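Colleague: Contents of upload-v4.txt (compact mmCIF, C-alpha atoms) are below:
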```txt
# COMPACT_ATOMS: atom_id res chain seq x y z
CA MET O 1 46.82 39.48 13.42
CA ILE O 2 46.58 37.02 16.30
CA GLU O 3 43.65 34.63 16.63
CA GLN O 4 40.49 36.26 17.99
CA ARG O 5 40.15 33.68 20.78
CA ILE O 6 43.63 34.53 22.03
CA LEU O 7 42.96 38.28 21.88
CA THR O 8 39.64 37.85 23.71
CA CYS O 9 41.30 35.77 26.42
CA ALA O 10 44.12 38.30 26.77
CA VAL O 11 41.67 41.21 27.12
CA ASP O 12 39.63 39.25 29.68
CA ALA O 13 42.77 38.43 31.66
CA VAL O 14 43.93 42.04 31.82
CA LEU O 15 40.46 43.38 32.70
CA GLY O 16 39.83 40.61 35.25
CA LYS O 17 36.63 39.34 33.63
CA SER O 18 35.39 36.49 31.45
CA SER O 19 33.40 36.90 28.24
CA ASP O 20 33.07 33.12 27.96
CA ALA O 21 30.60 31.44 30.32
CA LYS O 22 32.71 28.26 30.34
CA PHE O 23 35.53 30.01 32.20
CA THR O 24 35.83 32.10 35.35
CA PRO O 25 37.84 35.35 35.34
CA GLU O 26 40.50 33.56 37.37
CA GLN O 27 40.74 30.81 34.75
CA ARG O 28 41.13 33.40 31.99
CA VAL O 29 44.02 34.98 33.88
CA GLU O 30 45.68 31.64 34.54
CA GLY O 31 45.14 30.40 30.99
CA MET O 32 46.69 33.49 29.44
CA ARG O 33 49.57 33.50 31.90
CA ASN O 34 50.37 29.86 31.10
CA TYR O 35 50.11 30.45 27.34
CA LEU O 36 52.46 33.44 27.39
CA ALA O 37 54.84 31.72 29.80
CA GLU O 38 55.08 28.78 27.42
CA LEU O 39 55.84 31.12 24.50
CA GLY O 40 58.39 32.89 26.65
CA LYS O 41 60.40 29.73 27.20
CA ASP O 42 61.55 30.04 23.59
CA TYR O 43 61.47 33.82 23.57
CA ARG O 44 63.88 34.32 20.66
CA ARG O 45 61.69 32.24 18.35
CA ASN O 46 58.35 33.60 19.70
CA ALA O 47 59.24 37.26 20.32
CA ILE O 48 57.29 38.55 17.32
CA LEU O 49 54.13 36.66 18.33
CA ILE O 50 54.44 37.80 21.96
CA ASN O 51 54.81 41.42 20.87
CA GLU O 52 51.80 41.10 18.56
CA ILE O 53 49.70 39.78 21.47
CA VAL O 54 50.81 42.68 23.64
CA GLU O 55 50.22 45.26 20.88
CA GLU O 56 46.75 44.04 19.93
CA THR O 57 45.67 43.63 23.55
CA VAL O 58 46.71 47.19 24.39
CA ASP O 59 44.86 48.45 21.29
CA ALA O 60 41.74 46.57 22.40
CA ILE O 61 41.87 47.82 25.99
CA LEU O 62 42.66 51.50 25.38
CA PRO O 63 39.18 52.39 24.01
CA ILE O 64 37.60 50.63 27.00
CA LYS O 65 39.72 52.60 29.48
CA ILE O 66 39.18 55.90 27.67
CA ALA O 67 35.40 55.38 27.72
CA GLU O 68 35.41 54.37 31.40
CA ARG O 69 37.59 57.18 32.68
CA LEU O 70 36.94 60.04 30.25
CA GLY O 71 33.67 59.27 28.46
CA VAL O 72 31.63 61.74 30.51
CA PHE O 73 33.33 64.75 28.91
CA ALA O 74 35.32 63.31 25.99
CA ASP O 75 34.48 61.87 22.56
CA PHE O 76 36.83 59.21 21.24
CA ALA O 77 37.62 57.79 17.82
CA THR O 78 40.11 55.38 16.26
CA VAL O 79 41.25 55.87 12.67
CA GLY O 80 43.61 54.06 10.32
CA ASP O 81 47.14 55.18 9.58
CA GLY O 82 47.12 58.36 7.53
CA VAL O 83 43.41 59.00 8.14
CA THR O 84 42.33 62.37 9.56
CA LYS O 85 39.42 62.46 12.00
CA LYS O 86 36.94 65.24 11.28
CA TRP O 87 34.50 66.21 14.03
CA HIS O 88 31.14 67.86 13.41
CA VAL O 89 30.30 70.48 16.04
CA LYS O 90 26.63 71.12 16.75
CA ASN O 91 27.14 74.31 18.75
CA GLY O 92 27.73 77.07 16.24
CA LYS O 93 29.16 79.34 18.96
CA ILE O 94 32.31 77.28 19.13
CA SER O 95 34.99 78.98 17.09
CA ALA O 96 38.29 77.28 17.91
CA ALA O 97 39.94 74.12 19.18
CA TYR O 98 43.19 73.65 21.07
CA SER O 99 45.45 70.67 20.47
CA ALA O 100 48.01 68.77 22.51
CA LEU O 101 50.44 65.81 22.49
CA GLY O 102 53.23 67.51 20.62
CA VAL O 103 51.14 69.04 17.84
CA GLU O 104 52.89 72.20 16.65
CA GLN O 105 49.77 74.25 15.93
CA PRO O 106 48.05 74.86 19.28
CA ARG O 107 45.02 76.68 17.89
CA GLN O 108 42.79 75.62 15.03
CA LYS O 109 40.03 77.70 13.45
CA LEU O 110 36.74 75.99 12.73
CA TYR O 111 35.09 76.20 9.31
CA LYS O 112 31.48 75.22 8.70
CA SER O 113 31.22 73.67 12.18
CA THR O 114 33.88 71.01 11.56
CA PHE O 115 37.48 70.60 12.63
CA VAL O 116 40.14 67.89 12.73
CA THR O 117 42.22 66.52 15.58
CA GLN O 118 45.87 66.30 14.63
CA THR O 119 47.84 63.32 15.94
CA ALA O 120 51.46 62.97 17.02
CA PRO O 121 53.63 60.06 18.24
CA ILE O 122 53.74 59.19 21.91
CA SER O 123 56.30 56.71 23.12
CA GLY O 124 57.87 55.07 26.12
CA ALA O 125 59.28 51.77 27.30
CA VAL O 126 58.92 48.88 29.73
CA TYR O 127 61.74 46.62 30.81
CA ALA O 128 62.31 42.90 31.32
CA GLU O 129 65.30 40.91 32.53
CA TYR O 130 66.68 38.41 30.02
CA GLU O 131 66.53 35.57 32.54
CA ASP O 132 62.83 36.22 33.07
CA LEU O 133 62.16 36.29 29.33
CA ALA O 134 64.16 33.13 28.65
CA SER O 135 62.49 31.19 31.47
CA GLY O 136 58.93 32.39 30.75
CA ARG O 137 58.67 34.21 34.09
CA VAL O 138 57.64 37.59 32.65
CA ASP O 139 54.09 38.56 33.62
CA PHE O 140 52.93 39.87 30.25
CA ALA O 141 49.47 40.73 31.62
CA GLU O 142 51.15 43.08 34.08
CA MET O 143 53.29 44.45 31.25
CA ILE O 144 50.14 45.19 29.23
CA ILE O 145 48.63 47.04 32.21
CA GLN O 146 51.83 49.09 32.52
CA LEU O 147 51.68 49.99 28.84
CA VAL O 148 47.99 50.96 28.97
CA ASP O 149 48.58 53.07 32.09
CA ALA O 150 51.60 54.78 30.52
CA ILE O 151 49.61 55.75 27.42
CA MET O 152 46.63 56.87 29.51
CA ASP O 153 48.97 59.06 31.60
CA GLN O 154 50.15 60.76 28.44
CA ILE O 155 46.55 61.28 27.33
CA TYR O 156 45.65 62.82 30.73
CA ALA O 157 48.65 65.13 30.47
CA GLY O 158 47.67 66.08 26.91
CA ILE O 159 44.15 66.95 28.03
CA GLN O 160 45.49 69.20 30.76
CA ASP O 161 47.98 70.86 28.41
CA ALA O 162 45.21 71.64 25.92
CA LEU O 163 42.86 72.90 28.64
CA VAL O 164 45.44 75.10 30.35
CA GLY O 165 46.54 76.50 27.00
CA ALA O 166 42.98 77.33 26.11
CA PHE O 167 42.15 78.93 29.45
CA GLY O 168 45.21 81.14 29.16
CA THR O 169 43.26 83.47 26.86
CA THR O 170 39.81 83.28 28.45
CA ASN O 171 37.94 85.96 30.36
CA ASN O 172 37.46 86.13 34.14
CA ALA O 173 33.89 84.84 33.92
CA ASN O 174 35.31 81.42 33.04
CA ARG O 175 38.24 81.28 35.47
CA PHE O 176 38.82 81.92 39.17
CA VAL O 177 42.07 81.63 41.11
CA ALA O 178 42.28 81.34 44.91
CA GLY O 179 44.32 79.68 47.64
CA THR O 180 41.42 77.52 48.80
CA PHE O 181 38.01 76.20 47.76
CA ILE O 182 35.49 79.07 47.87
CA GLN O 183 32.04 77.68 47.24
CA ALA O 184 30.43 80.96 46.17
CA GLU O 185 33.04 81.51 43.44
CA PHE O 186 32.90 77.87 42.38
CA ASP O 187 29.12 78.21 41.99
CA LYS O 188 29.53 81.31 39.84
CA LEU O 189 31.68 79.31 37.42
CA LYS O 190 29.17 76.48 37.53
CA GLY O 191 26.48 78.96 36.56
CA VAL O 192 28.46 80.02 33.49
CA VAL O 193 28.80 76.42 32.31
CA GLN O 194 25.17 75.65 33.15
CA ALA O 195 24.06 78.18 30.53
CA TYR O 196 25.38 75.73 27.91
CA GLY O 197 24.26 72.43 29.43
CA LYS O 198 24.45 70.25 32.53
CA PRO O 199 27.95 70.67 34.02
CA VAL O 200 30.35 67.90 34.94
CA VAL O 201 33.23 68.60 37.33
CA PHE O 202 36.60 66.92 36.79
CA GLY O 203 40.08 67.07 38.29
CA THR O 204 42.59 64.95 40.17
CA GLY O 205 41.64 63.13 43.37
CA VAL O 206 43.63 65.62 45.47
CA GLY O 207 42.03 68.58 43.73
CA LEU O 208 38.50 67.25 44.18
CA THR O 209 38.96 66.51 47.89
CA GLY O 210 38.13 70.06 48.97
CA ILE O 211 34.78 70.22 47.16
CA SER O 212 31.83 70.14 49.54
CA ASN O 213 28.08 70.36 49.00
CA GLY O 214 27.78 72.28 52.26
CA ALA O 215 29.01 75.76 53.07
CA GLY O 216 32.42 74.48 54.13
CA PHE O 217 33.34 70.91 54.95
CA ASP O 218 31.82 69.57 58.19
CA TRP O 219 31.71 65.78 58.51
CA ASN O 220 28.88 65.95 61.06
CA LYS O 221 26.74 67.94 58.63
CA THR O 222 27.66 65.94 55.52
CA SER O 223 24.94 63.79 53.97
CA GLU O 224 25.16 60.01 54.17
CA ALA O 225 25.49 59.80 50.38
CA ASP O 226 28.46 62.19 50.41
CA ARG O 227 30.04 60.33 53.32
CA LEU O 228 29.88 57.08 51.37
CA ASP O 229 31.39 58.76 48.31
CA ILE O 230 34.19 60.27 50.37
CA ARG O 231 34.88 56.91 52.03
CA ASN O 232 34.89 55.01 48.73
CA LEU O 233 36.20 57.62 46.26
CA GLY O 234 38.04 60.14 48.43
CA HIS O 235 35.73 62.96 47.27
CA VAL O 236 32.04 63.66 46.67
CA GLY O 237 30.56 61.89 43.65
CA LYS O 238 28.11 64.69 42.89
CA TYR O 239 28.26 68.42 43.44
CA LYS O 240 24.86 70.11 43.44
CA GLY O 241 23.52 67.77 40.77
CA SER O 242 26.72 67.57 38.71
CA ASP O 243 28.82 64.42 38.35
CA VAL O 244 32.33 64.68 39.79
CA VAL O 245 34.90 62.72 37.77
CA GLU O 246 38.44 61.94 38.88
CA LEU O 247 41.42 62.10 36.52
CA PRO O 248 44.01 59.58 37.81
CA ASN O 249 47.31 61.27 38.59
CA SER O 250 50.83 59.93 38.77
CA PHE O 251 54.43 61.16 38.72
CA THR O 252 56.61 62.05 35.75
CA ASP O 253 59.35 59.63 36.89
CA GLU O 254 60.34 57.29 39.70
CA THR O 255 61.70 60.10 41.89
CA ASN O 256 58.12 61.16 42.74
CA ALA O 257 59.30 64.77 42.57
CA GLN O 258 56.80 66.09 40.03
CA LYS O 259 53.22 65.07 39.40
CA LEU O 260 51.96 64.48 35.90
CA LEU O 261 48.83 66.61 36.42
CA ASP O 262 48.48 69.78 38.47
CA ASP O 263 46.21 69.02 41.44
CA GLY O 264 45.15 72.65 41.62
CA TYR O 265 43.11 72.63 38.41
CA ILE O 266 39.40 71.76 38.62
CA TYR O 267 37.41 71.98 35.40
CA MET O 268 33.71 72.19 34.57
CA ALA O 269 32.17 71.43 31.18
CA PRO O 270 28.65 70.83 29.80
CA ILE O 271 27.90 67.18 29.00
CA ASN O 272 24.55 67.29 27.20
CA GLY O 273 25.91 69.27 24.28
CA ASP O 274 29.16 68.84 22.40
CA LYS O 275 31.67 67.09 24.64
CA PRO O 276 34.58 69.52 24.99
CA VAL O 277 37.45 67.01 24.74
CA LYS O 278 38.13 65.00 21.56
CA ILE O 279 40.58 62.09 21.59
CA VAL O 280 41.87 60.27 18.50
CA LEU O 281 44.06 57.17 18.24
CA GLU O 282 45.60 56.75 14.79
CA GLY O 283 46.78 53.41 13.44
CA LYS O 284 48.04 50.67 15.72
CA MET O 285 50.46 50.32 18.57
CA HIS O 286 53.98 49.16 17.70
CA ILE O 287 56.54 47.49 19.96
CA ARG O 288 60.17 46.75 19.28
CA ASP O 289 62.76 45.01 21.43
CA LYS O 290 66.03 46.70 22.28
CA GLN O 291 68.60 44.52 24.00
CA GLU O 292 70.80 46.30 26.52
CA ARG O 293 74.44 45.53 27.31
CA ASP O 294 73.44 43.52 30.40
CA TRP O 295 71.11 41.44 28.18
CA SER O 296 68.00 42.95 29.71
CA THR O 297 65.34 43.83 27.14
CA THR O 298 63.67 47.19 26.68
CA LYS O 299 60.31 47.03 24.96
CA GLU O 300 59.89 50.41 23.31
CA TYR O 301 56.37 51.36 22.24
CA TYR O 302 55.07 53.83 19.65
CA ARG O 303 51.48 55.05 19.41
CA LYS O 304 49.95 57.96 17.52
CA ALA O 305 47.32 59.98 19.36
CA GLY O 306 45.79 63.43 19.34
CA ILE O 307 43.71 65.58 21.68
CA SER O 308 41.62 68.66 21.00
CA VAL O 309 39.68 70.86 23.41
CA LEU O 310 36.85 72.96 22.01
CA ALA O 311 36.74 76.72 22.54
CA ILE O 312 36.53 77.54 26.17
CA ASN O 313 33.60 79.98 26.46
CA HIS O 314 31.32 77.13 27.58
CA MET O 315 33.78 75.72 30.14
CA ALA O 316 35.24 76.91 33.45
CA LEU O 317 38.46 76.51 35.41
CA TYR O 318 38.86 76.86 39.17
CA GLU O 319 42.51 77.04 40.18
CA ASN O 320 43.43 76.29 43.81
CA THR O 321 46.99 77.59 44.18
CA SER O 322 47.51 75.87 47.56
CA LEU O 323 47.66 72.43 45.93
```
Let's see the structure in the file written out as structure tokens.

Modeller:
Amino acid sequence: MIEQRILTCAVDAVLGKSSDAKFTPEQRVEGMRNYLAELGKDYRRNAILINEIVEETVDAILPIKIAERLGVFADFATVGDGVTKKWHVKNGKISAAYSALGVEQPRQKLYKSTFVTQTAPISGAVYAEYEDLASGRVDFAEMIIQLVDAIMDQIYAGIQDALVGAFGTTNNANRFVAGTFIQAEFDKLKGVVQAYGKPVVFGTGVGLTGISNGAGFDWNKTSEADRLDIRNLGHVGKYKGSDVVELPNSFTDETNAQKLLDDGYIYMAPINGDKPVKIVLEGKMHIRDKQERDWSTTKEYYRKAGISVLAINHMALYENTSL
């Protein structure tokens, strides 16, 4: 393990903050950049230490990002290698959970109000030119951000896979499909969820754009609070008392041909009961270097994660087929 002071500085630098009153956020960024650049000047000798810094920083930041972006409707846990996470479910009506991220068994029965989230490997890579590594010019803070974002993208996709798989067998009271946003139908779904607890609405930024607190979007009749949310977020922050949470979206590759998440899916779930989404990270992140024929270096990463979505009778899905 790397020294705690180095890990703390690295986390501060990536998050753009300072947990030490003696330093500004800018000084934390500069200090970590200089430290890693100095290690990079003798990359062959320091490669293991650099990779350990990257691995442990990503592991420290992932729980922060999961809580920030998904904590409204998702529970999160980290476990050691080989350890199975068992969840206790308060709501006895829940009878099944749906898994994602490559897990072979998509449906799990619950026994005595408990179930486990199975994990599976997720992987990917970031690249660096040899000249940049050898001269200490690689921005490792930026590399860490890329790695965190890549893993978060896979978690978002896993959540959607589990949700869509679960809604595939649900009844019409929990799902509505249309070519536009129809407020009356959206409110019917909200009413279903509200029977189980206070609803939260979540989807991609594009999907949430059409949601309006009025009977159809009219800027001149939109409240000042909603106007500010639309200006700052791109969508309303609350819908009739319910928080509206955005799932960041991206593309599956650099061609920008296919989005990672379907913009047409908008979900609702109760938040003051059992959170419907369960996320587990197992073990630690691992990085290995693979040198290419042109001497560029591929940093391949490996991380075990799992996602479960509780039985869908207390959730709702609005599908806008025009998006």

Colleague: Grab the atom CA of Ala178 of chain O to atom CA of Asp263 of chain O distance for me, in Å with one decimal place.

Modeller: 13.4 Å

Colleague: Counting all atoms listed in the file, which residue out of O:Arg293, O:Lys190, O:Lys198, O:Lys85 sits closest to Gly306 of chain O?

Modeller: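 Between O:Arg293, O:Lys190, O:Lys198, O:Lys85, the residue approaching Gly306 of chain O most closely is O:Lys85.
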
Colleague: Rank O:Ile230, O:Met285, O:Ala225, O:Val206 by their smallest atom-to-atom distance to Leu323 of chain O, using all atoms listed in the file, and report the top residue only.

Modeller: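 For Leu323 of chain O, the nearest of the given residues is O:Val206.
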
Colleague: Please work out which residues fall within 8 Å of (57.2, 54.8, 30.5), coordinates as given in the file, with all atoms listed in the file counting, and return them as a list of chain:residue names.

Modeller: O:Ser123, O:Gly124, O:Ala125, O:Val126, O:Leu147, O:Ala150

Colleague: Take the residues from that selection and put them in a file with C-alpha atoms, as a CSV table (one decimal), in the coordinates of the input.

Modeller:
```csv
chain,number,residue,atom,x,y,z
O,123,SER,CA,56.3,56.7,23.1
O,124,GLY,CA,57.9,55.1,26.1
O,125,ALA,CA,59.3,51.8,27.3
O,126,VAL,CA,58.9,48.9,29.7
O,147,LEU,CA,51.7,50.0,28.8
O,150,ALA,CA,51.6,54.8,30.5
```

Colleague: Using all atoms listed in the file, can you tell me which of O:Asp132, O:Glu282, O:Asp274, O:Asp59 comes closest to Ile307 of chain O?

Modeller: O:Glu282

Colleague: For the atom pair atom CA of Leu317 of chain O and atom CA of Val192 of chain O, what is the interatomic distance in Å to one decimal place?

Modeller: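 The value is 10.8 Å.
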
Colleague: Do a neighbour search on Ile211 of chain O at 9 Å with only C-alpha atoms, toss out local chain neighbours closer than 3 positions, and write the hits as a ChimeraX atom specification.

Modeller: /O:181-183,207-208,214,216-217,235-236,239

Colleague: Report, in Å with one decimal, the straight-line distance from atom CA of Gly210 of chain O to atom CA of Val164 of chain O.

Modeller: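 Atom-to-atom, atom CA of Gly210 of chain O to atom CA of Val164 of chain O, that is 20.6 Å.
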
Colleague: Do you know which residues are at most 7 Å from Val72 of chain O counting only C-alpha atoms, after dropping those on the same chain fewer than 2 positions away, and could you put them as a list in words?

Modeller: Leu70, Ala74 and Ile271 of chain O

Colleague: Counting all atoms listed in the file, which residue out of O:Glu131, O:Glu185, O:Asp229, O:Glu56 sits closest to Gln4 of chain O?

Modeller: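 Smallest separation from Gln4 of chain O among the options: O:Glu56.
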
Colleague: As a list in words, please: the residues near segment 152-155 of chain O (cut-off 9 Å, only C-alpha atoms, same-chain neighbours under 6 positions excluded).

Modeller: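 Counting only the stated atoms, we get Leu62, Lys65, Ile66, Leu101, Ile122, Pro248, Asn249, Ser250, Leu260, Leu261, Ile279, Ala305, Gly306 and Ile307 of chain O.
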
Colleague: Under the rule that only C-alpha atoms are counted, which of O:Gly179, O:Pro25, O:Pro276, O:Gly283 is the nearest residue to Trp87 of chain O?

Modeller: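 Closest residue, counting only C-alpha atoms: O:Pro276.
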
Colleague: Neighbouring residues of Val280 of chain O were defined as those with any atom within 12 Å, considering all atoms listed in the file; residues of the same chain fewer than 2 positions away were excluded. Please report them as a PyMOL selection string.

Modeller: chain O and resi 62-63+66+74-81+83-87+99-101+116-121+155+158-159+277-278+282-284+303-309

Colleague: Considering all atoms listed in the file, state which residue in the set O:Val58, O:Leu163, O:Ala195, O:Lys22 is at the smallest distance from Leu7 of chain O.

Modeller: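 Between O:Val58, O:Leu163, O:Ala195, O:Lys22, the residue approaching Leu7 of chain O most closely is O:Val58.
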
Colleague: I'd like the contact shell of Gln291 of chain O - 12 Å cut-off, all atoms listed in the file, skipping same-chain residues fewer than 2 positions apart - returned as a PDB file with C-alpha atoms, keeping the file's coordinate frame.

Modeller:
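So the final result, stored in around-v3.pdb, reads:
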```pdb
ATOM      1  CA  ARG O  44      63.880  34.320  20.660  1.00  0.00           C
ATOM      2  CA  TYR O 127      61.740  46.620  30.810  1.00  0.00           C
ATOM      3  CA  ALA O 128      62.310  42.900  31.320  1.00  0.00           C
ATOM      4  CA  GLU O 129      65.300  40.910  32.530  1.00  0.00           C
ATOM      5  CA  TYR O 130      66.680  38.410  30.020  1.00  0.00           C
ATOM      6  CA  LEU O 133      62.160  36.290  29.330  1.00  0.00           C
ATOM      7  CA  ARG O 288      60.170  46.750  19.280  1.00  0.00           C
ATOM      8  CA  ASP O 289      62.760  45.010  21.430  1.00  0.00           C
ATOM      9  CA  ARG O 293      74.440  45.530  27.310  1.00  0.00           C
ATOM     10  CA  ASP O 294      73.440  43.520  30.400  1.00  0.00           C
ATOM     11  CA  TRP O 295      71.110  41.440  28.180  1.00  0.00           C
ATOM     12  CA  SER O 296      68.000  42.950  29.710  1.00  0.00           C
ATOM     13  CA  THR O 297      65.340  43.830  27.140  1.00  0.00           C
ATOM     14  CA  THR O 298      63.670  47.190  26.680  1.00  0.00           C
ATOM     15  CA  LYS O 299      60.310  47.030  24.960  1.00  0.00           C
ATOM     16  CA  GLU O 300      59.890  50.410  23.310  1.00  0.00           C
TER      17      GLU O 300
END
```
